[in-house]
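The file coords-v9.txt comes next; it holds compact mmCIF, C-alpha atoms.
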# COMPACT_ATOMS: atom_id res chain seq x y z
CA MET A 1 0.00 0.00 0.00
CA ALA A 2 1.42 3.36 -1.05
CA LYS A 3 1.85 5.88 1.72
CA LEU A 4 -1.40 7.81 1.85
CA GLN A 5 0.40 10.80 3.37
CA ASP A 6 1.86 11.48 -0.09
CA TYR A 7 -1.56 12.70 -1.25
CA LEU A 8 -1.39 16.00 0.67
CA ASP A 9 -1.25 18.28 -2.42
CA GLN A 10 -4.22 16.53 -4.02
CA VAL A 11 -6.25 16.74 -0.82
CA ASN A 12 -5.53 20.47 -0.57
CA VAL A 13 -6.66 20.99 -4.17
CA PHE A 14 -9.84 18.98 -3.62
CA SER A 15 -10.72 20.99 -0.51
CA ALA A 16 -10.20 24.25 -2.42
CA LEU A 17 -12.34 23.07 -5.34
CA LYS A 18 -15.16 22.25 -2.92
CA GLU A 19 -14.76 25.65 -1.18
CA GLU A 20 -14.51 23.95 2.18
CA PRO A 21 -14.08 26.00 5.37
CA GLU A 22 -10.63 26.13 6.95
CA TRP A 23 -11.55 23.75 9.78
CA MET A 24 -12.46 21.04 7.27
CA LEU A 25 -9.16 21.35 5.43
CA GLU A 26 -7.31 21.17 8.76
CA LEU A 27 -9.25 18.03 9.70
CA ARG A 28 -8.32 16.42 6.38
CA GLN A 29 -4.66 17.30 6.84
CA ALA A 30 -4.61 15.97 10.41
CA ALA A 31 -6.25 12.72 9.30
CA LEU A 32 -3.80 12.32 6.44
CA ALA A 33 -0.87 12.72 8.83
CA LYS A 34 -2.20 9.87 11.01
CA VAL A 35 -3.65 7.37 8.56
CA ASP A 36 -0.49 5.35 7.94
CA GLU A 37 0.35 4.94 11.63
CA LEU A 38 -3.11 4.03 12.97
CA PRO A 39 -4.20 0.36 13.30
CA PHE A 40 -7.02 -1.28 11.39
CA PRO A 41 -10.29 -1.65 13.29
CA LYS A 42 -10.47 -5.12 14.80
CA ILE A 43 -13.20 -7.25 13.27
CA GLU A 44 -13.21 -10.63 14.97
CA ARG A 45 -12.63 -13.66 12.70
CA VAL A 46 -12.29 -11.63 9.49
CA ARG A 47 -8.92 -11.02 7.86
CA TYR A 48 -9.46 -8.07 5.56
CA GLU A 49 -6.28 -6.00 5.98
CA ARG A 50 -5.02 -6.85 2.47
CA TRP A 51 -8.27 -6.00 0.74
CA PRO A 52 -8.10 -3.17 -1.87
CA LEU A 53 -9.58 -0.54 0.45
CA PHE A 54 -7.14 2.28 -0.36
CA ASN A 55 -7.32 2.67 -4.14
CA ILE A 56 -7.43 6.47 -4.10
CA ASN A 57 -7.93 8.17 -7.46
CA GLU A 58 -5.68 11.23 -7.71
CA ALA A 59 -7.43 12.62 -10.79
CA ALA A 60 -10.74 12.72 -8.94
CA LEU A 61 -9.14 14.64 -6.07
CA VAL A 62 -7.72 17.40 -8.27
CA GLY A 63 -10.92 17.83 -10.27
CA GLU A 64 -9.94 16.20 -13.54
CA GLN A 65 -13.06 14.03 -13.35
CA GLU A 66 -15.31 16.77 -12.00
CA PHE A 67 -18.79 16.48 -13.54
CA SER A 68 -21.14 19.22 -14.58
CA GLY A 69 -24.38 18.95 -16.46
CA VAL A 70 -27.27 16.51 -16.60
CA ILE A 71 -26.62 12.83 -15.97
CA ASP A 72 -28.48 10.41 -18.22
CA LEU A 73 -27.75 7.10 -16.55
CA ALA A 74 -29.61 5.03 -19.13
CA ALA A 75 -27.71 6.64 -22.02
CA ALA A 76 -24.46 5.97 -20.19
CA GLY A 77 -25.31 2.28 -20.07
CA LEU A 78 -25.84 2.34 -16.32
CA GLY A 79 -29.39 1.03 -16.29
CA ALA A 80 -32.77 2.48 -15.51
CA VAL A 81 -33.36 4.72 -12.51
CA PRO A 82 -36.55 6.22 -11.07
CA SER A 83 -38.05 9.22 -12.79
CA PHE A 84 -37.17 11.96 -10.34
CA ASP A 85 -39.87 14.30 -11.62
CA ALA A 86 -42.47 11.62 -10.91
CA MET A 87 -41.40 11.09 -7.31
CA ASP A 88 -43.80 11.83 -4.50
CA SER A 89 -43.42 15.13 -2.71
CA HIS A 90 -41.62 13.59 0.26
CA PRO A 91 -38.10 14.88 1.05
CA THR A 92 -35.60 13.27 -1.32
CA VAL A 93 -31.93 13.64 -2.23
CA VAL A 94 -30.37 11.64 -5.07
CA GLN A 95 -26.62 11.60 -5.65
CA PHE A 96 -24.61 10.03 -8.43
CA ASP A 97 -21.06 9.65 -7.11
CA GLU A 98 -20.13 13.23 -6.12
CA THR A 99 -22.97 14.97 -7.92
CA THR A 100 -26.40 15.75 -6.49
CA VAL A 101 -28.83 15.13 -9.36
CA PHE A 102 -32.09 15.65 -7.48
CA GLU A 103 -33.00 17.46 -4.27
CA GLN A 104 -36.47 18.02 -2.90
CA LEU A 105 -37.58 19.42 0.44
CA PRO A 106 -41.21 20.56 0.90
CA GLN A 107 -41.65 24.19 1.86
CA HIS A 108 -43.35 23.43 5.17
CA LEU A 109 -40.19 21.60 6.30
CA VAL A 110 -37.95 24.42 5.09
CA ASP A 111 -40.08 26.82 7.14
CA GLN A 112 -39.54 24.65 10.23
CA GLY A 113 -35.76 24.78 9.81
CA VAL A 114 -35.14 21.30 8.41
CA ILE A 115 -31.92 21.02 6.38
CA PHE A 116 -31.56 18.15 3.88
CA THR A 117 -28.81 18.74 1.35
CA ASP A 118 -25.38 17.64 0.18
CA LEU A 119 -22.60 17.87 2.73
CA PHE A 120 -20.49 20.48 0.92
CA THR A 121 -23.46 22.85 0.60
CA ALA A 122 -24.13 22.41 4.32
CA MET A 123 -20.49 23.22 5.13
CA ARG A 124 -20.87 26.55 3.31
CA GLU A 125 -24.37 27.47 4.52
CA VAL A 126 -24.43 26.13 8.12
CA PRO A 127 -20.74 25.56 8.94
CA GLU A 128 -21.29 25.83 12.69
CA LEU A 129 -23.71 22.88 12.67
CA VAL A 130 -21.52 20.63 10.55
CA ASN A 131 -18.38 21.57 12.48
CA GLN A 132 -20.06 20.75 15.79
CA TYR A 133 -20.91 17.16 14.86
CA TYR A 134 -18.79 16.01 11.90
CA MET A 135 -16.52 13.19 13.14
CA THR A 136 -16.47 14.60 16.68
CA LYS A 137 -19.29 12.79 18.53
CA ALA A 138 -20.15 9.46 16.91
CA VAL A 139 -17.11 8.51 14.79
CA PRO A 140 -13.84 10.23 15.79
CA MET A 141 -11.55 11.01 12.88
CA ASP A 142 -8.54 9.32 14.47
CA GLU A 143 -10.27 6.20 15.82
CA ASP A 144 -8.43 3.90 13.40
CA LYS A 145 -6.90 3.64 9.94
CA MET A 146 -10.25 3.41 8.14
CA THR A 147 -11.84 6.44 9.82
CA ALA A 148 -8.71 8.54 9.21
CA ALA A 149 -8.64 7.53 5.53
CA HIS A 150 -12.30 8.44 5.30
CA ALA A 151 -11.74 11.87 6.85
CA ALA A 152 -8.83 12.59 4.51
CA PHE A 153 -10.39 11.41 1.23
CA MET A 154 -14.14 11.88 1.74
CA ASN A 155 -15.45 13.06 -1.65
CA SER A 156 -19.24 13.23 -1.29
CA GLY A 157 -21.91 13.25 1.36
CA LEU A 158 -25.22 14.30 2.83
CA PHE A 159 -26.34 16.42 5.79
CA LEU A 160 -29.71 16.14 7.52
CA TYR A 161 -30.73 18.34 10.44
CA VAL A 162 -34.15 18.18 12.09
CA PRO A 163 -34.68 20.99 14.64
CA LYS A 164 -35.96 20.70 18.18
CA ASN A 165 -39.57 19.46 18.56
CA VAL A 166 -40.08 19.00 14.80
CA ILE A 167 -41.99 15.83 13.92
CA ILE A 168 -41.83 14.79 10.25
CA GLU A 169 -44.61 12.48 9.09
CA GLU A 170 -43.32 11.68 5.60
CA PRO A 171 -40.10 9.64 5.23
CA LEU A 172 -36.85 11.35 4.24
CA GLU A 173 -35.17 9.41 1.44
CA ALA A 174 -31.58 9.42 0.15
CA ILE A 175 -30.46 7.44 -2.90
CA PHE A 176 -26.72 7.11 -3.52
CA TYR A 177 -25.75 5.74 -6.92
CA HIS A 178 -22.20 4.52 -7.29
CA ASN A 179 -20.80 4.54 -10.83
CA GLY A 180 -19.23 1.12 -11.33
CA ASN A 181 -17.68 2.32 -14.60
CA SER A 182 -15.74 5.07 -12.85
CA HIS A 183 -12.14 4.87 -11.64
CA ALA A 184 -12.85 7.14 -8.66
CA HIS A 185 -12.93 6.00 -5.04
CA PHE A 186 -16.35 6.15 -3.34
CA PHE A 187 -15.87 7.76 0.07
CA LYS A 188 -19.26 9.05 1.22
CA HIS A 189 -20.25 10.63 4.54
CA VAL A 190 -23.79 10.94 5.88
CA LEU A 191 -24.32 13.17 8.93
CA ILE A 192 -27.75 13.14 10.58
CA VAL A 193 -28.57 15.35 13.58
CA ALA A 194 -31.89 14.88 15.36
CA ASP A 195 -32.34 17.75 17.79
CA GLU A 196 -34.21 17.39 21.08
CA HIS A 197 -37.62 15.68 20.86
CA SER A 198 -37.61 15.55 17.07
CA GLU A 199 -39.03 12.49 15.29
CA PHE A 200 -38.61 11.20 11.74
CA SER A 201 -37.94 8.19 9.49
CA TYR A 202 -34.97 8.13 7.15
CA LEU A 203 -34.31 5.64 4.34
CA GLU A 204 -31.08 5.37 2.38
CA ARG A 205 -30.07 3.17 -0.54
CA PHE A 206 -26.59 2.49 -1.90
CA GLN A 207 -26.63 1.01 -5.37
CA THR A 208 -23.97 0.44 -8.02
CA LYS A 209 -24.82 1.27 -11.65
CA GLY A 210 -22.43 -0.29 -14.16
CA ASP A 211 -19.82 -2.92 -13.44
CA GLN A 212 -16.25 -2.46 -14.62
CA ALA A 213 -13.51 -5.02 -13.99
CA LYS A 214 -11.28 -2.57 -12.10
CA LYS A 215 -11.38 -3.01 -8.32
CA LEU A 216 -12.73 0.14 -6.65
CA SER A 217 -12.57 1.21 -3.00
CA GLY A 218 -15.53 2.30 -0.90
CA ASN A 219 -15.45 3.90 2.54
CA ILE A 220 -18.83 4.96 3.91
CA VAL A 221 -19.41 6.57 7.31
CA VAL A 222 -22.89 7.36 8.62
CA GLU A 223 -23.23 9.32 11.87
CA VAL A 224 -26.60 9.64 13.60
CA ILE A 225 -26.73 12.07 16.53
CA ALA A 226 -29.96 11.65 18.51
CA LYS A 227 -30.27 14.36 21.15
CA ALA A 228 -32.46 14.15 24.26
CA GLY A 229 -35.88 12.65 23.55
CA ALA A 230 -35.34 12.33 19.80
CA LYS A 231 -36.69 9.30 17.90
CA VAL A 232 -35.07 8.19 14.64
CA LYS A 233 -36.15 5.26 12.48
CA PHE A 234 -33.18 4.55 10.22
CA SER A 235 -33.55 2.11 7.32
CA ALA A 236 -30.97 1.16 4.69
CA ILE A 237 -30.75 -1.18 1.72
CA ASP A 238 -27.19 -1.71 0.48
CA GLN A 239 -26.68 -3.04 -3.07
CA LEU A 240 -23.13 -2.13 -4.01
CA GLY A 241 -21.56 -4.00 -6.92
CA VAL A 242 -19.17 -6.92 -7.13
CA ASN A 243 -16.11 -4.82 -7.97
CA ILE A 244 -16.23 -2.34 -5.12
CA THR A 245 -14.61 -3.42 -1.85
CA THR A 246 -16.23 -1.48 0.95
CA TYR A 247 -15.69 -0.46 4.55
CA MET A 248 -18.99 0.73 6.02
CA ASN A 249 -19.40 2.35 9.43
CA ARG A 250 -22.85 3.31 10.70
CA ARG A 251 -22.96 4.63 14.24
CA GLY A 252 -25.51 6.19 16.54
CA TYR A 253 -24.70 8.60 19.37
CA VAL A 254 -27.82 8.40 21.51
CA LEU A 255 -28.51 10.84 24.35
CA ARG A 256 -30.99 10.84 27.26
CA ASP A 257 -34.31 9.10 26.49
CA ALA A 258 -33.56 9.16 22.77
CA MET A 259 -34.00 6.20 20.43
CA VAL A 260 -32.43 5.07 17.15
CA ASP A 261 -34.16 2.13 15.49
CA TRP A 262 -31.94 0.58 12.80
CA ALA A 263 -33.17 -1.69 9.97
CA ILE A 264 -30.41 -2.64 7.53
CA GLY A 265 -30.36 -4.94 4.54
CA VAL A 266 -26.79 -5.90 3.58
CA MET A 267 -27.34 -7.09 0.00
CA ASN A 268 -24.03 -6.15 -1.63
CA ASP A 269 -22.23 -8.28 -4.24
CA GLY A 270 -18.65 -7.31 -3.34
CA ASP A 271 -16.53 -7.84 -0.25
CA VAL A 272 -17.71 -5.76 2.70
CA ILE A 273 -16.60 -4.95 6.22
CA ALA A 274 -19.56 -3.41 8.07
CA ASP A 275 -19.34 -1.81 11.51
CA PHE A 276 -22.79 -1.04 12.95
CA ASP A 277 -22.52 0.61 16.38
CA SER A 278 -24.76 2.40 18.84
CA ASP A 279 -23.32 4.33 21.78
CA LEU A 280 -26.00 4.79 24.45
CA VAL A 281 -24.52 7.77 26.25
CA GLY A 282 -27.61 9.21 27.93
CA GLU A 283 -29.77 7.70 30.67
CA GLY A 284 -32.71 5.84 29.17
CA ALA A 285 -31.15 5.82 25.68
CA HIS A 286 -32.48 3.02 23.47
CA SER A 287 -31.29 1.35 20.27
CA GLU A 288 -32.76 -1.55 18.30
CA VAL A 289 -30.63 -3.03 15.50
CA LYS A 290 -32.21 -5.33 12.91
CA ALA A 291 -29.99 -6.57 10.08
CA VAL A 292 -30.31 -9.16 7.32
CA ALA A 293 -27.49 -10.18 4.99
CA ILE A 294 -26.88 -12.50 2.04
CA SER A 295 -23.44 -13.62 0.87
CA ALA A 296 -22.98 -15.50 -2.41
CA GLY A 297 -20.39 -16.47 -5.02
CA ARG A 298 -16.93 -15.99 -3.51
CA GLN A 299 -17.99 -12.94 -1.56
CA THR A 300 -16.87 -12.22 2.01
CA GLN A 301 -18.91 -10.06 4.35
CA GLY A 302 -17.94 -9.36 7.94
CA ILE A 303 -20.63 -7.58 10.00
CA ASP A 304 -19.63 -6.25 13.41
CA THR A 305 -22.67 -5.03 15.34
CA ARG A 306 -22.05 -3.41 18.71
CA VAL A 307 -24.25 -1.69 21.28
CA THR A 308 -22.42 0.01 24.15
CA ASN A 309 -24.53 0.82 27.22
CA LYS A 310 -22.72 3.76 28.76
CA ALA A 311 -25.61 5.13 30.86
CA PRO A 312 -28.09 3.79 33.43
CA HIS A 313 -31.33 2.21 32.21
CA SER A 314 -30.16 2.21 28.59
CA ILE A 315 -31.48 -0.53 26.29
CA GLY A 316 -29.64 -2.12 23.38
CA HIS A 317 -30.98 -5.03 21.31
CA ILE A 318 -29.38 -6.72 18.28
CA LEU A 319 -31.24 -9.06 15.88
CA GLN A 320 -29.36 -10.23 12.78
CA HIS A 321 -29.96 -13.13 10.39
CA GLY A 322 -27.90 -14.07 7.35
CA VAL A 323 -27.97 -16.52 4.43
CA ILE A 324 -24.93 -17.87 2.57
CA ARG A 325 -24.97 -19.39 -0.92
CA GLU A 326 -22.26 -21.09 -3.02
CA ARG A 327 -18.75 -20.25 -1.70
CA GLY A 328 -19.83 -17.14 0.17
CA VAL A 329 -18.51 -16.19 3.61
CA LEU A 330 -20.54 -14.34 6.23
CA THR A 331 -19.48 -13.47 9.78
CA PHE A 332 -21.75 -11.89 12.36
CA ASN A 333 -20.05 -10.45 15.44
CA GLY A 334 -22.59 -9.29 18.00
CA ILE A 335 -21.13 -7.27 20.87
CA GLY A 336 -23.09 -6.04 23.86
CA HIS A 337 -21.00 -3.98 26.29
CA ILE A 338 -22.39 -2.61 29.55
CA LEU A 339 -19.94 -0.16 31.08
CA LYS A 340 -19.35 0.55 34.75
CA GLY A 341 -22.03 2.90 36.05
CA ALA A 342 -24.77 1.74 33.63
CA LYS A 343 -27.01 0.21 36.30
CA GLY A 344 -30.35 -1.07 35.08
CA ALA A 345 -29.03 -1.44 31.53
CA ASP A 346 -30.31 -4.15 29.18
CA ALA A 347 -28.23 -5.78 26.41
CA GLN A 348 -29.70 -8.57 24.28
CA GLN A 349 -28.61 -10.07 20.98
CA GLU A 350 -29.47 -12.80 18.50
CA SER A 351 -27.32 -13.78 15.49
CA ARG A 352 -28.23 -16.66 13.19
CA VAL A 353 -26.68 -17.86 9.93
CA LEU A 354 -28.22 -20.28 7.41
CA MET A 355 -25.86 -22.00 4.92
CA LEU A 356 -27.20 -23.29 1.61
CA SER A 357 -24.00 -24.91 0.32
CA ASP A 358 -21.39 -27.38 1.54
CA GLN A 359 -18.76 -24.82 0.50
CA ALA A 360 -20.32 -21.88 2.33
CA ARG A 361 -18.64 -20.56 5.48
CA GLY A 362 -20.58 -18.90 8.25
CA ASP A 363 -19.93 -17.67 11.77
CA ALA A 364 -22.14 -16.17 14.47
CA ASN A 365 -19.94 -14.85 17.25
CA PRO A 366 -21.76 -13.48 20.34
CA ILE A 367 -19.80 -11.36 22.81
CA LEU A 368 -21.10 -9.95 26.10
CA LEU A 369 -18.91 -7.62 28.15
CA ILE A 370 -20.47 -6.75 31.50
CA ASP A 371 -18.75 -4.28 33.81
CA GLU A 372 -21.67 -3.51 36.14
CA HIS A 373 -24.06 -5.26 38.55
CA GLU A 374 -27.88 -5.03 38.47
CA VAL A 375 -28.18 -5.34 34.70
CA THR A 376 -29.82 -7.79 32.29
CA ALA A 377 -28.04 -9.34 29.30
CA GLY A 378 -28.38 -12.35 27.04
CA HIS A 379 -27.44 -13.76 23.68
CA ALA A 380 -28.40 -16.44 21.16
CA ALA A 381 -26.37 -17.60 18.17
CA SER A 382 -26.55 -20.42 15.63
CA VAL A 383 -25.02 -21.52 12.34
CA GLY A 384 -26.64 -24.34 10.37
CA ARG A 385 -28.02 -25.71 7.14
CA VAL A 386 -31.55 -25.89 5.77
CA ASP A 387 -33.56 -28.43 7.77
CA PRO A 388 -33.98 -31.50 5.47
CA GLU A 389 -37.30 -32.35 7.14
CA GLU A 390 -38.68 -28.92 6.26
CA MET A 391 -37.48 -29.35 2.68
CA TYR A 392 -38.98 -32.86 2.47
CA TYR A 393 -42.31 -31.63 3.78
CA LEU A 394 -42.54 -28.76 1.30
CA MET A 395 -41.38 -30.84 -1.67
CA SER A 396 -43.86 -33.58 -0.78
CA ARG A 397 -46.56 -30.92 -1.29
CA GLY A 398 -45.49 -30.50 -4.90
CA LEU A 399 -42.95 -27.65 -4.64
CA ARG A 400 -39.73 -27.80 -6.61
CA LYS A 401 -36.52 -27.78 -4.57
CA GLU A 402 -35.72 -24.14 -5.48
CA GLU A 403 -39.18 -22.95 -4.45
CA ALA A 404 -39.07 -24.91 -1.21
CA GLU A 405 -35.65 -23.47 -0.38
CA ARG A 406 -36.87 -19.92 -0.99
CA LEU A 407 -39.81 -20.46 1.37
CA VAL A 408 -37.49 -21.76 4.09
CA ILE A 409 -35.21 -18.75 3.63
CA ARG A 410 -38.14 -16.33 3.74
CA GLY A 411 -39.25 -17.93 7.01
CA PHE A 412 -35.72 -17.74 8.40
CA LEU A 413 -35.39 -14.04 7.61
CA GLY A 414 -38.99 -13.27 8.50
CA SER A 415 -38.41 -12.60 12.20
CA VAL A 416 -36.08 -9.76 11.27
CA LEU A 417 -38.16 -8.43 8.39
CA THR A 418 -41.35 -8.23 10.46
CA ALA A 419 -39.46 -6.27 13.12
CA ILE A 420 -38.62 -3.49 10.63
CA PRO A 421 -40.77 -0.51 11.65
CA VAL A 422 -41.38 0.94 8.15
CA LYS A 423 -43.76 -1.19 6.07
CA GLU A 424 -42.48 0.10 2.72
CA VAL A 425 -38.92 -0.86 3.67
CA GLN A 426 -40.09 -4.34 4.61
CA GLN A 427 -41.69 -4.83 1.21
CA GLU A 428 -38.76 -3.42 -0.73
CA LEU A 429 -36.25 -5.52 1.20
CA VAL A 430 -38.29 -8.67 0.51
CA ALA A 431 -38.17 -7.85 -3.21
CA VAL A 432 -34.39 -7.30 -3.07
CA ILE A 433 -33.90 -10.59 -1.21
CA GLU A 434 -35.98 -12.44 -3.81
CA GLY A 435 -33.83 -10.99 -6.57
CA LYS A 436 -30.65 -11.88 -4.73
CA LEU A 437 -31.74 -15.49 -4.24
CA LEU A 438 -32.77 -15.88 -7.88
CA ALA A 439 -29.49 -14.44 -9.22

As structure tokens - that is how I would like this structure written.
Amino acid sequence: MAKLQDYLDQVNVFSALKEEPEWMLELRQAALAKVDELPFPKIERVRYERWPLFNINEAALVGEQEFSGVIDLAAAGLGAVPSFDAMDSHPTVVQFDETTVFEQLPQHLVDQGVIFTDLFTAMREVPELVNQYYMTKAVPMDEDKMTAAHAAFMNSGLFLYVPKNVIIEEPLEAIFYHNGNSHAHFFKHVLIVADEHSEFSYLERFQTKGDQAKKLSGNIVVEVIAKAGAKVKFSAIDQLGVNITTYMNRRGYVLRDAMVDWAIGVMNDGDVIADFDSDLVGEGAHSEVKAVAISAGRQTQGIDTRVTNKAPHSIGHILQHGVIRERGVLTFNGIGHILKGAKGADAQQESRVLMLSDQARGDANPILLIDEHEVTAGHAASVGRVDPEEMYYLMSRGLRKEEAERLVIRGFLGSVLTAIPVKEVQQELVAVIEGKLLA
């Protein structure tokens, strides 16, 4: 791996092209100075350190691939996309790599102070808000090698701010298209700030359009700051392509009596390291994490889901189910950590993996770390194959083997899918799973 510190000139040029404030340039420079010396984040039972996670495109940093104009994805051979003009009036942002191609925020939300725009625009228009929360609360810039690389080379992003006491009925939706035919790295940052007693649902999709042979690098960080009494329903469907190797970090910073409810479908085709964390830092903070994943082909996915109870009477629950086909590899690490002083805390987790092939490799690794008395904690984990008796029963009723297997899988994933709080996300995720199993 080339020394990433050598990219300083290109990072300075990129920051100038984006008209970033001085504090952002200084953060990039500080991250760049540390990235080579920091360790990799530790993901139990997954060796990913030699993956192509640092293919940084210099031309993209200095603006040689800067895009302007209208993007016609279909004409570019990147497939069909929704008609943006025909979208409902709910808040929506659509980005294609670095470029925002559609942005919609109803006037009544603008009048209430809601901000939903690309990250660079937010840095210029509300720098004090971005500066207060960007890689300072949830995901520190210098936590490890991957977060430092992200801070140095981040090249696109989104900012959502919902003010105090604002309740949004319609879902906020973000669609992030990754251009698989590009040579540029895909380092995206999503920063969500829910002010006190605000409530809303947010849905994001990551999807690759086009599929070039060149191995690309992805580094995605999502920070959700839930201030006192806020309630956030966060849903995501990830469908990145086979030729992008991705580090993904989604983390909640949850204050007193706030809640972040996560529902995540990990449906990528390439190798992925995913770090899904919730830090329960305020008394009565609550986080529910529901995740489903499918690995296939020769794909490796390592999913590290952690809830850290830092405050009294905080609640953290993890529910994750995964399916492995062909030679795929899937590892679930579930970590519940109750820190000293978090009396009355509750940490529960369930991780289950279903293997559909003799060559599949799966692991469900539960970890409980308890540093306090008067708490409740528990875990369940299993790795196994499709029950032959279930298959026999279904096939004896006239179903072909493939149909019977799909029904078993749907039942296996159903306990997670039915726990997803947004009905539309449930239905869309079922459709994505069906497509993944038929591929």

Which region 299-418 of chain A residues have any atom within 12 Å of an atom of region 31-50 of chain A, and for each, what is the nearest pair of atoms with distance in Å to one decimal, counting only C-alpha atoms, rows sorted by chain and number, as CSV?
residue,atom,partner,partner_atom,distance
A:Thr300,CA,A:Val46,CA,8.8
A:Gln301,CA,A:Val46,CA,8.5
A:Gly302,CA,A:Val46,CA,6.3
A:Ile303,CA,A:Ile43,CA,8.1
A:Asp304,CA,A:Ile43,CA,6.5
A:Thr305,CA,A:Ile43,CA,9.9
A:Arg306,CA,A:Ile43,CA,11.1
A:Val329,CA,A:Val46,CA,9.7
A:Leu330,CA,A:Val46,CA,9.3
A:Thr331,CA,A:Val46,CA,7.4
A:Phe332,CA,A:Glu44,CA,9.0
A:Asn333,CA,A:Glu44,CA,6.9
A:Gly334,CA,A:Glu44,CA,9.9
A:Ile335,CA,A:Glu44,CA,10.4
A:Arg361,CA,A:Arg45,CA,11.7
A:Gly362,CA,A:Arg45,CA,10.5
A:Asp363,CA,A:Arg45,CA,8.4
A:Ala364,CA,A:Arg45,CA,10.0
A:Asn365,CA,A:Glu44,CA,8.3
A:Pro366,CA,A:Glu44,CA,10.5
A:Ile367,CA,A:Glu44,CA,10.3

With C-alpha atoms kept, could you save the residues just selected as a PDB file, in the frame of the given file?
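Done, and the output landed in again.pdb:
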ATOM      1  CA  THR A 300     -16.870 -12.220   2.010  1.00  0.00           C
ATOM      2  CA  GLN A 301     -18.910 -10.060   4.350  1.00  0.00           C
ATOM      3  CA  GLY A 302     -17.940  -9.360   7.940  1.00  0.00           C
ATOM      4  CA  ILE A 303     -20.630  -7.580  10.000  1.00  0.00           C
ATOM      5  CA  ASP A 304     -19.630  -6.250  13.410  1.00  0.00           C
ATOM      6  CA  THR A 305     -22.670  -5.030  15.340  1.00  0.00           C
ATOM      7  CA  ARG A 306     -22.050  -3.410  18.710  1.00  0.00           C
ATOM      8  CA  VAL A 329     -18.510 -16.190   3.610  1.00  0.00           C
ATOM      9  CA  LEU A 330     -20.540 -14.340   6.230  1.00  0.00           C
ATOM     10  CA  THR A 331     -19.480 -13.470   9.780  1.00  0.00           C
ATOM     11  CA  PHE A 332     -21.750 -11.890  12.360  1.00  0.00           C
ATOM     12  CA  ASN A 333     -20.050 -10.450  15.440  1.00  0.00           C
ATOM     13  CA  GLY A 334     -22.590  -9.290  18.000  1.00  0.00           C
ATOM     14  CA  ILE A 335     -21.130  -7.270  20.870  1.00  0.00           C
ATOM     15  CA  ARG A 361     -18.640 -20.560   5.480  1.00  0.00           C
ATOM     16  CA  GLY A 362     -20.580 -18.900   8.250  1.00  0.00           C
ATOM     17  CA  ASP A 363     -19.930 -17.670  11.770  1.00  0.00           C
ATOM     18  CA  ALA A 364     -22.140 -16.170  14.470  1.00  0.00           C
ATOM     19  CA  ASN A 365     -19.940 -14.850  17.250  1.00  0.00           C
ATOM     20  CA  PRO A 366     -21.760 -13.480  20.340  1.00  0.00           C
ATOM     21  CA  ILE A 367     -19.800 -11.360  22.810  1.00  0.00           C
TER      22      ILE A 367
END

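CA of Ala138 (chain A) is positioned 19.7 Å from CA of Ala347 (chain A).
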
In Å, with one decimal, what is the gap from CA of Val222 (chain A) to CA of Gly157 (chain A)?
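Separating CA of Val222 (chain A) from CA of Gly157 (chain A) is a distance of 9.4 Å.
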
Residue with smallest distance to Gln320 (chain A) - pool A:Leu8, A:Ala293, A:Met135, A:Leu280, counting only C-alpha atoms
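Closest residue, counting only C-alpha atoms: A:Ala293.
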
Out of A:Ile409, A:Ile56, A:His313, A:Lys401, which residue has the shortest atom-to-atom distance to Glu374 (chain A) when counting only C-alpha atoms?
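Once distances to Glu374 (chain A) are computed over only C-alpha atoms, the minimum belongs to A:His313.
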
Distance CA of Trp51 (chain A)-CA of Thr147 (chain A), one decimal place?
15.8 Å

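Distance check against Leu105 (chain A) using only C-alpha atoms: of A:Ile220, A:Leu119, A:Leu160, A:Val62, the minimum falls on A:Leu160.
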
Find the residues near Val221 (chain A): any atom within 12 Å, counting all atoms listed in the file, skip ones fewer than 6 places away on the same chain, and give them as an MDAnalysis selection string.
chainID A and resid 134:135 138:141 146:151 153:158 186:192 246:252 273:277

Would you please work out which residue, of A:Lys310, A:Lys137, A:Lys423, A:His337, is nearest to Tyr253 (chain A) when using all atoms listed in the file?
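Nearest candidate to Tyr253 (chain A) out of A:Lys310, A:Lys137, A:Lys423, A:His337: A:Lys137.
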
Applying 8 Å and only C-alpha atoms, which residues near region 255-266 of chain A remain after dropping the ones on its own chain fewer than 2 positions away? List them as a ChimeraX atom specification.
/A:197,226-239,252-253,268,280-294,420-421,429

Applying 8 Å and all atoms listed in the file, which residues near Pro21 (chain A) remain after dropping the ones on its own chain fewer than 4 positions away? List them as number ranges by chain.
A: 25, 123-124, 127

Using the selection just defined, write its residues with C-alpha atoms as an mmCIF file, in the coordinates of the input.
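File out.cif, as written:
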data_model
loop_
_atom_site.group_PDB
_atom_site.id
_atom_site.type_symbol
_atom_site.label_atom_id
_atom_site.label_comp_id
_atom_site.auth_asym_id
_atom_site.auth_seq_id
_atom_site.Cartn_x
_atom_site.Cartn_y
_atom_site.Cartn_z
ATOM 1 C CA LEU A 25 -9.160 21.350 5.430
ATOM 2 C CA MET A 123 -20.490 23.220 5.130
ATOM 3 C CA ARG A 124 -20.870 26.550 3.310
ATOM 4 C CA PRO A 127 -20.740 25.560 8.940
#

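Restricting the calculation to only C-alpha atoms, the smallest distance between His373 (chain A) and any of A:His90, A:Lys343, A:Arg28, A:Lys436 is found for A:Lys343.
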
Residue among A:Arg205, A:Arg406, A:His183, A:Lys214 lying closest to Ala59 (chain A), counting all atoms listed in the file
A:His183

Need to verify the contact set: Leu172 (chain A), 9 Å, only C-alpha atoms, exclusion of same-chain residues closer than 4 positions in sequence. Can you return it as a list in words?
His90, Pro91, Thr92, Val93, Leu105, Phe116, Ile168, Phe200, Ser201, Tyr202, Leu203 and Glu204 of chain A
